[in-house]
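Asker: Take a look at the following structure, please.
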Amino acid sequence: MKLAIMGAGAVGRSVAQIAPEYGHTVTAIADSTGSVQDPDGIDVNQALTMKRNDGTVGSEAPEALLEADYDVLVEATPTTLGDAEPGYSNAVAALERDRNVVLANKGPVAERYNDLMDVASESEGAVRFEATVGGAIPAIATAEGVGPEHISAARGVLNGTANFVLTRMQTEGLAYEHVLAEAQDLGVAEPDPSFDVEGTDAALKGIILANVLDDGGHELADAKIEGIKDFPANALEVAAEDGMTIRLIAEVTADEVRVSPRLVPENDTLAVTGTMNILQFDTEHAGQLNISGRGAGGPETASAVLADVDRLSCKSGSGRSS
Amino acid sequence: MDMDDDHAGGGRAHTVRLELDDEPGELLRALEPIAENGGNLLSIFHERGSVTPRGRIPVEIDLECPPSRLEQITAALREDGINVIRAGTEAYGEEVSVLLSGPRLEADLSDTIEKIESETPGSVIDLSLSGTTKSDQVSSGRFRLAIESGRTAETLRAVREVAATMDLRVVEPLVEGQR
């Protein structure tokens, strides 16, 4: 398949680098200031070297990528809230050309799921978004495989930064500010960590899961969100006295999508440590399903993007297996 | 188990756990509704040594009655204002831990317990507190609550409301909800 990659951050770059291993050709890549395209495949290394040296991947305008020759648009621009732009319009532009869209950007499926699926229903192209929930974890594929109607609830640890902070605080007995600064030094937390520590990121993932399970109807404003900002270390201490720990849990039930710090037994399946993520489904006939793995990172998330591209290949029969 | 219900007169042992105010006559007041509703007292364990954080005395009563009568007895006890923590032979009644944190938790502790007991269906049966330190500007407490079976979600909702009025941060247990 021919891929056009919108966004050249950690995920976009990784997709470009490992796509050939999966049998795909990158025909275009764009960042916020420029783009490059070639229907026979761009020189990925050259584009990324140019980005490092000159700050952009190419000399054409970023929007020019939307007109390039491609089968799948990989939308990997940063997640935005509210109208989810420019990710939403990029996805719509691809669908209106009857092209497929694979999202790594959470905005369009968390904020405008119904709008997006309406556009997709009029298109020959399809929308997939495995990479938006739990990084490398096959969250959406598992929900689809089990069947949303057979899943009674979903919950999990879906933000590695918050989980790193909570587990470090507990194991080292350190204060929130201290651990957060350490996480920023390690690159585990952003310079502005609010998206992660205030629970917004985990809530977006919860909303996306709810949209998959309920076939739409949810947006971020419906979620109940409480983060871990300024979390007191002594709360972790009193929890530990009782063999418990605290995790920032995203929960999807019939009533609500909720993100909040919760008490869980220290040896509970959900009590993953460090930056790990875990997702748990309650199923109608098969009890609980648990999938854990790396919830973030360039190659990890890119592997989920490329798994989506493969699913599209199977569907259209034009993939490497044909 | 259900078959016992059909034996109208079939007695069966049940344990009822109460918390009584530390006042003269309270125990007698608690026994009357049991006798009046056909419960046969087997034993009474008055735990004077382990006073609850609210200053109440836990009492465990073993009695015999048909299972169908047990509800009647607990209802009669509650009607008389007696605090029933647990009633039944099986795990009839739930216990959960909730964490509360806030700058005034330590100072407002008895008030907090009072509010949980009066404004939620839960009853505080254990408490562990960690005070403010140089790095923690707040104190945190783990409250173990005894809750009647099936009323956990309702109790946690009410605890959230109490916490909001008292400017406390709540960490609830993960009680698995359904879609």
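Starting from 1 in every chain, residues are counted up; chains themselves are A, B, ... following the order of the structure tokens, and ligands are numbered from 1 as listed.
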Residues at most 10 Å from Asp268 of chain A, counting only C-alpha atoms, excluding those fewer than 3 positions away in the same chain, as JSON, numbers by chain?

Answerer: {"A": [244, 245, 264, 265, 271, 272]}

Asker: Kindly determine which residues of chain B lie within 10 Å of chain A, considering only C-alpha atoms, and give the answer as JSON, numbers by chain.

Answerer: {"B": [96, 97, 98, 99, 100, 101, 102, 127, 128, 129, 130, 131, 132, 133, 134, 135, 136, 137, 138, 139, 140, 141, 142, 143, 169, 170, 171, 172, 173, 174, 175, 176, 177, 178, 179]}

Asker: Give me, please, the distance in Å between atom CA of Val16 of chain B and atom CA of Gly39 of chain B, quoted to one decimal.

Answerer: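 Taking atom CA of Val16 of chain B and atom CA of Gly39 of chain B, their separation equals 11.1 Å.
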
Asker: Using backbone DSSP assignments, extract all strand (DSSP E) residues from segment 56-289 of chain A; output them as a ChimeraX atom specification.

Answerer: /A:72-75,100-103,127-128,151-157,224-225,244-252,257-265,276-283,287-289

Asker: Could you pull the residues within 7 Å of segment 128-143 of chain A, counting only C-alpha atoms, minus those fewer than 2 positions along the same chain, as a PyMOL selection string?

Answerer: chain A and resi 101-106+126+145-148+158+205+277+291-296+300-301+303-305+308

Asker: For atom CA of Gly217 of chain A and atom CA of Ala250 of chain A, determine how far apart the two atoms are, in Å to one decimal place.

Answerer: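 One can read the atom CA of Gly217 of chain A to atom CA of Ala250 of chain A distance as 17.8 Å.
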
Asker: Please list as a ChimeraX atom specification every residue within 8 Å of Asp22 of chain B, counting only C-alpha atoms and excluding residues in the same chain fewer than 6 positions away.

Answerer: /B:55-57

Asker: Output the selection as a PDB file, in the first residue's frame - C-alpha atoms for each residue.

Answerer:
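Writing the result to out25.pdb gives the following:
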```pdb
ATOM      1  CA  GLY B  55     -17.082   5.652  70.007  1.00  0.00           C
ATOM      2  CA  ARG B  56     -19.605   2.910  69.375  1.00  0.00           C
ATOM      3  CA  ILE B  57     -19.384  -0.615  70.703  1.00  0.00           C
TER       4      ILE B  57
END
```

Asker: Grab the atom CA of Gly173 of chain A to atom CA of Asp108 of chain B distance for me, in Å with one decimal place.

Answerer: 25.7 Å

Asker: Between A:Gln184, A:Thr161, A:Ser123, A:Thr79, which residue has the minimum interatomic distance to Arg99 of chain A, considering only C-alpha atoms?

Answerer: A:Ser123

Asker: What are the DSSP helix (DSSP H, G or I) residues of segment 2-178 of chain B, as number ranges by chain?

Answerer: B: 2-6, 26-36, 67-79, 109-119, 152-165

Asker: Which residue is closest to Asp21 of chain B? Choose from B:Asn37, B:Thr155, B:Thr165, B:Thr52 and count only C-alpha atoms.

Answerer: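 Selected residue with least distance to Asp21 of chain B: B:Thr52.
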
Asker: Please determine, counting only C-alpha atoms, which residue among A:Ala110, A:Ala16, A:Ala221, A:Leu166 has the shortest atom-to-atom distance to Thr80 of chain A.

Answerer: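 Nearest candidate to Thr80 of chain A out of A:Ala110, A:Ala16, A:Ala221, A:Leu166: A:Ala110.
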
Asker: Excluding Glu94 of chain B and its own-chain neighbours fewer than 6 positions away, which residues fall within 8 Å of it when counting only C-alpha atoms? Please give them as a VMD selection string.

Answerer: chain B and resid 146 to 150 152

Asker: Near Asn40 of chain B, counting only C-alpha atoms, which residues have an atom at most 9 Å away, once you skip same-chain residues fewer than 4 positions from it, shown as a PyMOL selection string?

Answerer: chain B and resi 11+34-35+62-65

Asker: Those selected residues, please, written with C-alpha atoms and delivered as a CSV table (one decimal), in the first residue's frame.

Answerer:
```
chain,number,residue,atom,x,y,z
B,11,GLY,CA,-34.7,-22.3,62.4
B,34,ILE,CA,-35.1,-9.6,67.8
B,35,ALA,CA,-37.2,-11.4,70.3
B,62,ASP,CA,-26.0,-15.2,67.0
B,63,LEU,CA,-29.6,-16.0,66.6
B,64,GLU,CA,-31.8,-18.6,65.1
B,65,CYS,CA,-34.8,-17.9,62.9
```
